[in-house]
file structure.cif (mmCIF, C-alpha atoms and all ligand atoms)
data_query
#
loop_
_atom_site.label_atom_id
_atom_site.label_comp_id
_atom_site.auth_asym_id
_atom_site.auth_seq_id
_atom_site.Cartn_x
_atom_site.Cartn_y
_atom_site.Cartn_z
CA MET A 193 0.00 0.00 0.00
CA SER A 194 1.46 3.39 -0.94
CA GLU A 195 1.75 6.19 1.58
CA LEU A 196 -0.52 8.34 -0.65
CA ASN A 197 -3.41 5.98 0.00
CA THR A 198 -3.38 6.96 3.64
CA LEU A 199 -4.16 10.60 2.76
CA PRO A 200 -7.72 11.72 2.01
CA GLU A 201 -8.31 14.12 -0.91
CA HIS A 202 -7.89 17.35 1.10
CA GLY A 203 -4.35 16.34 2.09
CA ALA A 204 -4.80 16.13 5.87
CA PRO A 205 -3.70 12.82 7.41
CA SER A 206 -6.51 10.33 7.75
CA PRO A 207 -7.42 9.60 11.37
CA PHE A 208 -6.92 5.95 10.43
CA ALA A 209 -3.44 6.47 8.98
CA HIS A 210 -1.58 5.67 12.16
CA VAL A 211 -3.83 2.64 12.73
CA ARG A 212 -2.98 1.35 9.23
CA GLU A 213 0.71 2.01 9.83
CA GLY A 214 0.52 0.14 13.12
CA LEU A 215 -1.19 -2.78 11.41
CA ARG A 216 1.43 -2.83 8.69
CA THR A 217 4.22 -2.88 11.31
CA ALA A 218 2.48 -5.71 13.16
CA LEU A 219 2.09 -7.63 9.90
CA ARG A 220 5.78 -7.19 9.09
CA GLN A 221 6.75 -8.41 12.56
CA ALA A 222 4.39 -11.41 12.24
CA LEU A 223 5.97 -12.27 8.87
CA ASP A 224 9.46 -12.06 10.37
CA VAL A 225 8.42 -14.59 12.98
CA ALA A 226 6.48 -16.77 10.53
CA LEU A 227 9.19 -16.91 7.84
CA PRO A 228 11.80 -19.55 8.67
CA PRO A 229 15.44 -18.43 8.71
CA LEU A 230 17.29 -18.84 5.42
CA CYS A 231 20.51 -20.72 4.74
CA PRO A 232 23.14 -17.94 4.30
CA CYS A 233 24.74 -19.83 1.39
CA CYS A 234 21.86 -20.99 -0.83
CA ARG A 235 18.98 -18.91 0.63
CA GLU A 236 16.80 -22.00 1.11
CA PRO A 237 14.52 -21.94 4.18
CA LEU A 238 16.05 -23.84 7.09
CA GLY A 239 12.80 -25.02 8.68
CA ASP A 240 13.52 -25.56 12.35
CA GLY A 241 17.28 -25.65 11.79
CA VAL A 242 19.84 -22.95 12.44
CA GLY A 243 23.08 -22.09 10.66
CA LEU A 244 23.47 -23.86 7.31
CA CYS A 245 21.17 -26.22 5.40
CA ALA A 246 22.28 -29.86 5.38
CA GLY A 247 23.30 -29.66 1.69
CA CYS A 248 25.63 -26.68 2.17
CA TRP A 249 26.98 -28.06 5.45
CA SER A 250 28.02 -31.27 3.69
CA LYS A 251 29.90 -29.20 1.06
CA LEU A 252 31.96 -27.26 3.63
CA SER A 253 35.57 -28.43 3.61
CA PHE A 254 36.76 -28.72 7.20
CA ILE A 255 40.53 -28.67 7.68
CA GLU A 256 41.77 -31.70 9.59
CA PRO A 257 45.28 -33.05 10.28
CA PRO A 258 47.68 -33.82 8.74
CA TYR A 259 48.74 -30.23 8.22
CA CYS A 260 51.85 -28.03 8.51
CA ALA A 261 52.58 -27.61 12.23
CA ARG A 262 53.29 -23.92 11.68
CA LEU A 263 50.87 -22.64 9.04
CA GLY A 264 48.08 -25.21 9.34
CA ILE A 265 48.09 -25.80 5.57
CA PRO A 266 46.71 -29.32 4.99
CA PHE A 267 49.03 -31.99 3.58
CA THR A 268 47.80 -34.52 1.06
CA TYR A 269 49.48 -37.34 3.03
CA ASP A 270 50.71 -37.71 6.60
CA PRO A 271 54.47 -36.98 6.83
CA GLY A 272 54.50 -37.50 10.61
CA PRO A 273 54.12 -35.06 13.50
CA GLY A 274 55.68 -31.61 13.56
CA LEU A 275 56.69 -31.36 9.91
CA LEU A 276 56.61 -28.00 8.19
CA SER A 277 55.44 -26.96 4.73
CA MET A 278 57.79 -25.40 2.17
CA GLU A 279 56.05 -22.06 2.78
CA ALA A 280 56.76 -22.16 6.52
CA ILE A 281 60.46 -22.81 5.88
CA ALA A 282 60.90 -20.35 3.00
CA ALA A 283 58.98 -17.41 4.47
CA PRO A 284 58.25 -17.95 8.16
CA PRO A 285 55.59 -15.55 9.44
CA ALA A 286 55.90 -13.39 12.55
CA TYR A 287 53.19 -15.43 14.29
CA ASP A 288 53.95 -18.88 15.57
CA ARG A 289 51.05 -21.09 14.46
CA ALA A 290 47.93 -20.58 12.32
CA ARG A 291 44.83 -22.76 12.31
CA ALA A 292 41.59 -22.49 10.31
CA ALA A 293 38.24 -24.26 10.61
CA VAL A 294 37.52 -24.59 6.87
CA ARG A 295 39.02 -24.05 3.43
CA TYR A 296 37.98 -20.77 1.80
CA ASP A 297 35.86 -22.06 -1.10
CA ASP A 298 32.53 -20.96 -2.61
CA ILE A 299 30.46 -22.23 0.34
CA ALA A 300 32.76 -20.72 2.97
CA ARG A 301 32.85 -17.47 0.99
CA ALA A 302 29.02 -17.27 0.87
CA LEU A 303 28.90 -17.94 4.60
CA VAL A 304 31.51 -15.29 5.41
CA LEU A 305 29.88 -12.69 3.14
CA GLY A 306 26.46 -13.36 4.72
CA PHE A 307 27.98 -13.05 8.17
CA LYS A 308 30.00 -9.93 7.40
CA TYR A 309 27.73 -7.91 5.15
CA GLY A 310 24.32 -9.55 5.56
CA ASP A 311 23.75 -8.76 9.22
CA ARG A 312 23.86 -12.47 10.08
CA LEU A 313 25.47 -12.13 13.49
CA ASP A 314 23.37 -15.15 14.47
CA LEU A 315 25.98 -17.25 12.60
CA ALA A 316 28.79 -16.30 15.03
CA PRO A 317 28.12 -19.07 17.62
CA MET A 318 28.18 -21.79 14.91
CA MET A 319 31.33 -20.43 13.21
CA GLY A 320 32.95 -19.85 16.62
CA ARG A 321 32.26 -23.46 17.61
CA TRP A 322 34.07 -24.75 14.53
CA MET A 323 36.95 -22.36 15.13
CA ALA A 324 37.25 -23.35 18.80
CA ARG A 325 37.53 -26.97 17.69
CA ALA A 326 40.18 -26.17 15.04
CA GLY A 327 42.16 -24.03 17.50
CA ARG A 328 42.05 -26.27 20.60
CA GLU A 329 45.84 -26.58 20.85
CA LEU A 330 46.24 -22.79 20.48
CA THR A 331 43.69 -21.81 23.14
CA ALA A 332 44.83 -24.55 25.57
CA ASP A 333 47.68 -22.36 26.87
CA ALA A 334 46.60 -18.88 25.68
CA ASP A 335 46.16 -15.87 27.96
CA ALA A 336 43.85 -13.88 25.69
CA LEU A 337 42.03 -13.78 22.33
CA LEU A 338 42.52 -10.63 20.23
CA PRO A 339 40.13 -9.91 17.36
CA VAL A 340 41.80 -8.21 14.38
CA PRO A 341 40.50 -4.65 14.76
CA LEU A 342 38.67 -2.63 12.12
CA HIS A 343 39.49 1.02 11.56
CA TRP A 344 36.87 3.10 13.38
CA ARG A 345 35.45 4.40 10.07
CA ARG A 346 34.84 0.88 8.76
CA LEU A 347 33.46 -0.21 12.13
CA TRP A 348 31.06 2.71 12.01
CA ALA A 349 29.90 1.80 8.49
CA ARG A 350 29.53 -1.92 9.20
CA ARG A 351 28.25 -1.46 12.77
CA PHE A 352 30.08 -4.50 14.11
CA ASN A 353 33.51 -6.12 13.94
CA GLN A 354 33.01 -9.65 12.61
CA SER A 355 36.28 -10.82 14.19
CA ALA A 356 35.16 -9.56 17.62
CA ALA A 357 31.87 -11.47 17.25
CA LEU A 358 33.85 -14.65 16.47
CA ALA A 359 36.26 -14.03 19.36
CA GLY A 360 33.29 -13.67 21.73
CA ALA A 361 31.81 -16.98 20.58
CA ILE A 362 35.17 -18.79 20.92
CA SER A 363 35.81 -17.24 24.34
CA GLU A 364 32.49 -18.61 25.62
CA ILE A 365 33.53 -22.11 24.60
CA CYS A 366 37.20 -22.23 25.65
CA GLY A 367 37.07 -19.75 28.56
CA VAL A 368 40.05 -17.69 27.32
CA PRO A 369 39.18 -13.98 27.81
CA GLU A 370 39.04 -11.48 24.95
CA LEU A 371 41.22 -8.41 24.82
CA HIS A 372 39.73 -5.41 23.05
CA ASP A 373 41.43 -2.05 22.43
CA ALA A 374 44.91 -3.47 23.11
CA LEU A 375 45.53 -3.54 19.35
CA LYS A 376 44.39 -0.59 17.23
CA ARG A 377 44.09 -0.18 13.49
CA VAL A 378 45.66 3.26 13.25
CA ARG A 379 45.43 3.59 9.47
CA ALA A 380 42.42 2.89 7.25
CA THR A 381 43.70 0.57 4.51
CA PRO A 382 42.03 -0.18 1.18
CA GLN A 383 40.44 -3.66 0.93
CA GLN A 384 42.99 -6.39 0.18
CA VAL A 385 40.84 -7.96 -2.56
CA GLY A 386 42.63 -8.11 -5.92
CA LEU A 387 46.10 -7.31 -4.54
CA SER A 388 49.16 -9.54 -4.95
CA LYS A 389 50.93 -10.95 -1.87
CA PRO A 390 53.63 -8.20 -1.77
CA GLU A 391 50.97 -5.53 -2.41
CA ARG A 392 48.91 -6.88 0.48
CA ALA A 393 51.92 -6.69 2.80
CA ASP A 394 52.62 -3.08 1.69
CA ASN A 395 48.95 -2.18 2.08
CA VAL A 396 48.80 -3.08 5.78
CA GLN A 397 52.37 -2.02 6.67
CA GLY A 398 52.22 0.03 9.89
CA ALA A 399 48.43 -0.15 10.02
CA PHE A 400 48.30 -1.64 13.54
CA ARG A 401 49.73 -0.44 16.83
CA VAL A 402 49.53 -1.28 20.53
CA PRO A 403 48.70 2.00 22.32
CA ALA A 404 51.20 2.85 25.08
CA ASP A 405 48.56 2.59 27.79
CA HIS A 406 47.74 -0.99 26.72
CA LYS A 407 51.29 -2.38 26.55
CA ALA A 408 51.01 -3.90 30.04
CA GLU A 409 48.10 -6.09 28.83
CA ILE A 410 50.29 -7.47 26.02
CA ALA A 411 53.74 -7.81 27.60
CA GLY A 412 54.77 -11.37 28.35
CA ARG A 413 51.41 -12.84 27.32
CA ARG A 414 50.43 -15.67 24.98
CA LEU A 415 47.91 -14.32 22.50
CA VAL A 416 45.65 -15.73 19.79
CA LEU A 417 44.65 -13.36 16.99
CA ILE A 418 41.13 -14.00 15.67
CA ASP A 419 40.02 -13.15 12.11
CA ASP A 420 37.41 -14.38 9.63
CA VAL A 421 39.57 -15.16 6.57
CA LEU A 422 43.28 -15.71 5.99
CA THR A 423 44.35 -15.11 2.40
CA SER A 424 48.03 -14.13 2.14
CA GLY A 425 48.35 -13.77 5.91
CA ALA A 426 49.64 -10.19 5.51
CA THR A 427 47.10 -8.67 7.90
CA VAL A 428 47.65 -11.11 10.78
CA ASP A 429 51.41 -11.02 10.19
CA THR A 430 51.41 -7.22 10.57
CA CYS A 431 49.24 -7.53 13.72
CA ALA A 432 51.60 -10.17 15.15
CA ARG A 433 54.64 -7.93 14.52
CA ALA A 434 52.96 -5.05 16.40
CA LEU A 435 52.10 -7.36 19.33
CA LEU A 436 55.60 -8.88 19.50
CA ARG A 437 57.14 -5.37 19.38
CA ALA A 438 54.94 -4.53 22.37
CA GLY A 439 56.43 -7.48 24.26
CA ALA A 440 53.95 -10.33 23.61
CA ALA A 441 55.54 -13.68 24.51
CA HIS A 442 53.81 -15.64 21.75
CA VAL A 443 51.24 -14.95 19.00
CA ASP A 444 49.10 -17.56 17.25
CA VAL A 445 46.38 -17.03 14.65
CA LEU A 446 42.93 -18.64 14.47
CA VAL A 447 40.65 -17.89 11.49
CA PHE A 448 37.34 -19.24 10.26
CA ALA A 449 38.52 -19.93 6.68
CA ARG A 450 41.87 -19.93 4.93
CA VAL A 451 42.82 -19.99 1.29
CA VAL A 452 44.51 -23.30 0.45
CA VAL A 453 46.41 -23.62 -2.83
CA PRO A 454 45.88 -27.26 -3.92
CA VAL A 455 49.40 -28.68 -4.29
CA ARG A 456 51.33 -28.63 -1.02
CA SER A 457 54.11 -30.94 0.01
CA PRO A 458 55.99 -31.30 3.26
CA ILE A 459 59.78 -31.38 3.27
ZN ZN B 501 22.22 -24.04 1.89
#

call {"tool": "encode", "arguments": {"input": "structure.cif", "output": "structure tokens"}}
result
Amino acid sequence: MSELNTLPEHGAPSPFAHVREGLRTALRQALDVALPPLCPCCREPLGDGVGLCAGCWSKLSFIEPPYCARLGIPFTYDPGPGLLSMEAIAAPPAYDRARAAVRYDDIARALVLGFKYGDRLDLAPMMGRWMARAGRELTADADALLPVPLHWRRLWARRFNQSAALAGAISEICGVPELHDALKRVRATPQQVGLSKPERADNVQGAFRVPADHKAEIAGRRLVLIDDVLTSGATVDTCARALLRAGAAHVDVLVFARVVVPVRSPI
């Protein structure tokens, strides 16, 4: 119904206009309750379920051992415990270990985009549960979880930090407290999408800092950085450098999804 229909011919608001508007609001709210939640990947109704539909769930590619002890990149065969990938030897990151719940493929991408840009904060507990499982060995002896911060302008536009929502869900499961504000994004950086690995590293260079009044919370502590997606690792590497400069004893990384290039071999 158009707004014009609520006005009688002389232009004054109809005495029933607010009643109609109230009814419309009530109808919208009733529809929100009546319509089942949708799968964030394929948009099919979930019925009584939550999270993903069974079809999309079965297509998610969970990362399981064997994988590189340092980077968490899955191996195609089991080379034995503690072995490192070529990448970990050739270009060791500033952080110690990285783990991810799933491979970043079409299904994981749809899930992350729905979570990040589709106001689907309701997905955080499910994604956090999978991350807590993937990161058990990291959180077992960690002092705090640190979500990768957004610049305040992006936080304002998006209204929430997806990494903080994930950190909150993981913290509830493993009991490791979250640390907010101890790491700041001091420079707004363009999105990393479409950049090469060296360009990504340049893009986030110097973008994070531990404020002087938060150094005591970082010094000597074992920290786990939390983010949604790991692509080149440039962002978490820059964060880890800032934390280690501030005196952190140890920095690990736990993400929901990571990009995995198919052919990987241990050495
Ligand atoms: Zn689905």

call {"tool": "residues_near_ligand", "arguments": {"input": "structure.cif", "ligand": "ligand ZN 501 (chain B)", "cutoff": "10 Å", "atoms": "all atoms listed in the file", "output": "list in words"}}
result
Leu230, Cys231, Pro232, Cys233, Cys234, Arg235, Glu236, Pro237, Leu238, Gly243, Leu244, Cys245, Ala246, Gly247, Cys248, Trp249, Ser250, Lys251, Ile299, Ala302 and Leu303 of chain A

call {"tool": "write_last_selection", "arguments": {"input": "structure.cif", "atoms": "C-alpha atoms", "output": "compact mmCIF listing (two decimals), keeping the file's coordinate frame"}}
result
# COMPACT_ATOMS: atom_id res chain seq x y z
CA LEU A 230 17.29 -18.84 5.42
CA CYS A 231 20.51 -20.72 4.74
CA PRO A 232 23.14 -17.94 4.30
CA CYS A 233 24.74 -19.83 1.39
CA CYS A 234 21.86 -20.99 -0.83
CA ARG A 235 18.98 -18.91 0.63
CA GLU A 236 16.80 -22.00 1.11
CA PRO A 237 14.52 -21.94 4.18
CA LEU A 238 16.05 -23.84 7.09
CA GLY A 243 23.08 -22.09 10.66
CA LEU A 244 23.47 -23.86 7.31
CA CYS A 245 21.17 -26.22 5.40
CA ALA A 246 22.28 -29.86 5.38
CA GLY A 247 23.30 -29.66 1.69
CA CYS A 248 25.63 -26.68 2.17
CA TRP A 249 26.98 -28.06 5.45
CA SER A 250 28.02 -31.27 3.69
CA LYS A 251 29.90 -29.20 1.06
CA ILE A 299 30.46 -22.23 0.34
CA ALA A 302 29.02 -17.27 0.87
CA LEU A 303 28.90 -17.94 4.60

call {"tool": "atom_distance", "arguments": {"input": "structure.cif", "atom1": "atom CA of Pro258 of chain A", "atom2": "atom CA of Ala326 of chain A"}}
result
12.4 Å

call {"tool": "residues_around", "arguments": {"input": "structure.cif", "residues": "Ile265 of chain A", "least_positions_apart": "6", "cutoff": "9 Å", "atoms": "only C-alpha atoms", "output": "count of residues only"}}
result
12

call {"tool": "residues_around", "arguments": {"input": "structure.cif", "residues": "Gly439 of chain A", "least_positions_apart": "5", "cutoff": "12 Å", "atoms": "only C-alpha atoms", "output": "list in words"}}
result
Val402, Ala404, His406, Lys407, Ala408, Glu409, Ile410, Ala411, Gly412, Arg413, Arg414, Leu415, Ala432, Arg433 and Ala434 of chain A

call {"tool": "residues_near_point", "arguments": {"input": "structure.cif", "point": "(46.6, 5.7, 11.8)", "cutoff": "10 Å", "atoms": "all atoms listed in the file", "output": "list in words"}}
result
His343, Lys376, Arg377, Val378, Arg379, Ala380, Thr381, Gly398, Ala399, Phe400 and Arg401 of chain A

call {"tool": "closest_residue", "arguments": {"input": "structure.cif", "among": "A:Leu337, A:Val443, A:Leu435, A:Ala426", "to": "Ala361 of chain A", "atoms": "only C-alpha atoms"}}
result
A:Leu337

call {"tool": "residues_around", "arguments": {"input": "structure.cif", "residues": "Ser363 of chain A", "least_positions_apart": "3", "cutoff": "10 Å", "atoms": "all atoms listed in the file", "output": "VMD selection string"}}
result
chain A and resid 320 to 321 324 331 336 to 337 357 to 360 366 to 370

call {"tool": "closest_residue", "arguments": {"input": "structure.cif", "among": "A:Gly425, A:Gly241, A:Val294, A:Pro341", "to": "Ala280 of chain A", "atoms": "all atoms listed in the file"}}
result
A:Gly425

call {"tool": "closest_residue", "arguments": {"input": "structure.cif", "among": "A:Asp297, A:Asp311, A:Asp394, A:Asp270", "to": "Thr423 of chain A", "atoms": "all atoms listed in the file"}}
result
A:Asp297

call {"tool": "residues_around", "arguments": {"input": "structure.cif", "residues": "Phe352 of chain A", "least_positions_apart": "3", "cutoff": "10 Å", "atoms": "all atoms listed in the file", "output": "PyMOL selection string"}}
result
chain A and resi 308-309+311+313+342+346-349+355-357

call {"tool": "write_last_selection", "arguments": {"input": "structure.cif", "atoms": "C-alpha atoms", "output": "compact mmCIF listing (two decimals), keeping the file's coordinate frame"}}
result
# COMPACT_ATOMS: atom_id res chain seq x y z
CA LYS A 308 30.00 -9.93 7.40
CA TYR A 309 27.73 -7.91 5.15
CA ASP A 311 23.75 -8.76 9.22
CA LEU A 313 25.47 -12.13 13.49
CA LEU A 342 38.67 -2.63 12.12
CA ARG A 346 34.84 0.88 8.76
CA LEU A 347 33.46 -0.21 12.13
CA TRP A 348 31.06 2.71 12.01
CA ALA A 349 29.90 1.80 8.49
CA SER A 355 36.28 -10.82 14.19
CA ALA A 356 35.16 -9.56 17.62
CA ALA A 357 31.87 -11.47 17.25

call {"tool": "build_atoms", "arguments": {"input": "structure.cif", "residues": "segment 375-387 of chain A", "atoms": "N, CA, C and O atoms", "output": "PDB file, keeping the file's coordinate frame"}}
result
ATOM      1  N   LEU A 375      44.946  -3.665  20.689  1.00  0.00           N
ATOM      2  CA  LEU A 375      45.530  -3.540  19.350  1.00  0.00           C
ATOM      3  C   LEU A 375      44.613  -2.619  18.555  1.00  0.00           C
ATOM      4  O   LEU A 375      43.403  -2.838  18.503  1.00  0.00           O
ATOM      5  N   LYS A 376      45.203  -1.577  17.965  1.00  0.00           N
ATOM      6  CA  LYS A 376      44.390  -0.590  17.230  1.00  0.00           C
ATOM      7  C   LYS A 376      44.791  -0.578  15.772  1.00  0.00           C
ATOM      8  O   LYS A 376      45.969  -0.692  15.441  1.00  0.00           O
ATOM      9  N   ARG A 377      43.794  -0.414  14.900  1.00  0.00           N
ATOM     10  CA  ARG A 377      44.090  -0.180  13.490  1.00  0.00           C
ATOM     11  C   ARG A 377      44.197   1.331  13.344  1.00  0.00           C
ATOM     12  O   ARG A 377      43.192   2.033  13.442  1.00  0.00           O
ATOM     13  N   VAL A 378      45.433   1.817  13.208  1.00  0.00           N
ATOM     14  CA  VAL A 378      45.660   3.260  13.250  1.00  0.00           C
ATOM     15  C   VAL A 378      45.578   3.890  11.861  1.00  0.00           C
ATOM     16  O   VAL A 378      45.603   5.107  11.717  1.00  0.00           O
ATOM     17  N   ARG A 379      45.502   3.065  10.837  1.00  0.00           N
ATOM     18  CA  ARG A 379      45.430   3.590   9.470  1.00  0.00           C
ATOM     19  C   ARG A 379      44.350   2.823   8.731  1.00  0.00           C
ATOM     20  O   ARG A 379      44.314   1.592   8.778  1.00  0.00           O
ATOM     21  N   ALA A 380      43.437   3.552   8.070  1.00  0.00           N
ATOM     22  CA  ALA A 380      42.420   2.890   7.250  1.00  0.00           C
ATOM     23  C   ALA A 380      43.109   2.411   5.985  1.00  0.00           C
ATOM     24  O   ALA A 380      43.761   3.193   5.294  1.00  0.00           O
ATOM     25  N   THR A 381      43.017   1.115   5.694  1.00  0.00           N
ATOM     26  CA  THR A 381      43.700   0.570   4.510  1.00  0.00           C
ATOM     27  C   THR A 381      42.660   0.148   3.495  1.00  0.00           C
ATOM     28  O   THR A 381      41.590  -0.318   3.869  1.00  0.00           O
ATOM     29  N   PRO A 382      42.973   0.309   2.189  1.00  0.00           N
ATOM     30  CA  PRO A 382      42.030  -0.180   1.180  1.00  0.00           C
ATOM     31  C   PRO A 382      41.835  -1.683   1.351  1.00  0.00           C
ATOM     32  O   PRO A 382      42.698  -2.364   1.913  1.00  0.00           O
ATOM     33  N   GLN A 383      40.696  -2.218   0.855  1.00  0.00           N
ATOM     34  CA  GLN A 383      40.440  -3.660   0.930  1.00  0.00           C
ATOM     35  C   GLN A 383      41.574  -4.408   0.239  1.00  0.00           C
ATOM     36  O   GLN A 383      42.146  -3.928  -0.742  1.00  0.00           O
ATOM     37  N   GLN A 384      41.883  -5.609   0.726  1.00  0.00           N
ATOM     38  CA  GLN A 384      42.990  -6.390   0.180  1.00  0.00           C
ATOM     39  C   GLN A 384      42.621  -7.125  -1.109  1.00  0.00           C
ATOM     40  O   GLN A 384      43.507  -7.639  -1.797  1.00  0.00           O
ATOM     41  N   VAL A 385      41.304  -7.167  -1.404  1.00  0.00           N
ATOM     42  CA  VAL A 385      40.840  -7.960  -2.560  1.00  0.00           C
ATOM     43  C   VAL A 385      41.515  -7.486  -3.843  1.00  0.00           C
ATOM     44  O   VAL A 385      41.598  -6.286  -4.117  1.00  0.00           O
ATOM     45  N   GLY A 386      42.041  -8.430  -4.617  1.00  0.00           N
ATOM     46  CA  GLY A 386      42.630  -8.110  -5.920  1.00  0.00           C
ATOM     47  C   GLY A 386      44.099  -7.733  -5.853  1.00  0.00           C
ATOM     48  O   GLY A 386      44.726  -7.498  -6.879  1.00  0.00           O
ATOM     49  N   LEU A 387      44.682  -7.680  -4.657  1.00  0.00           N
ATOM     50  CA  LEU A 387      46.100  -7.310  -4.540  1.00  0.00           C
ATOM     51  C   LEU A 387      46.967  -8.567  -4.513  1.00  0.00           C
ATOM     52  O   LEU A 387      46.548  -9.617  -4.029  1.00  0.00           O
TER      53      LEU A 387
END
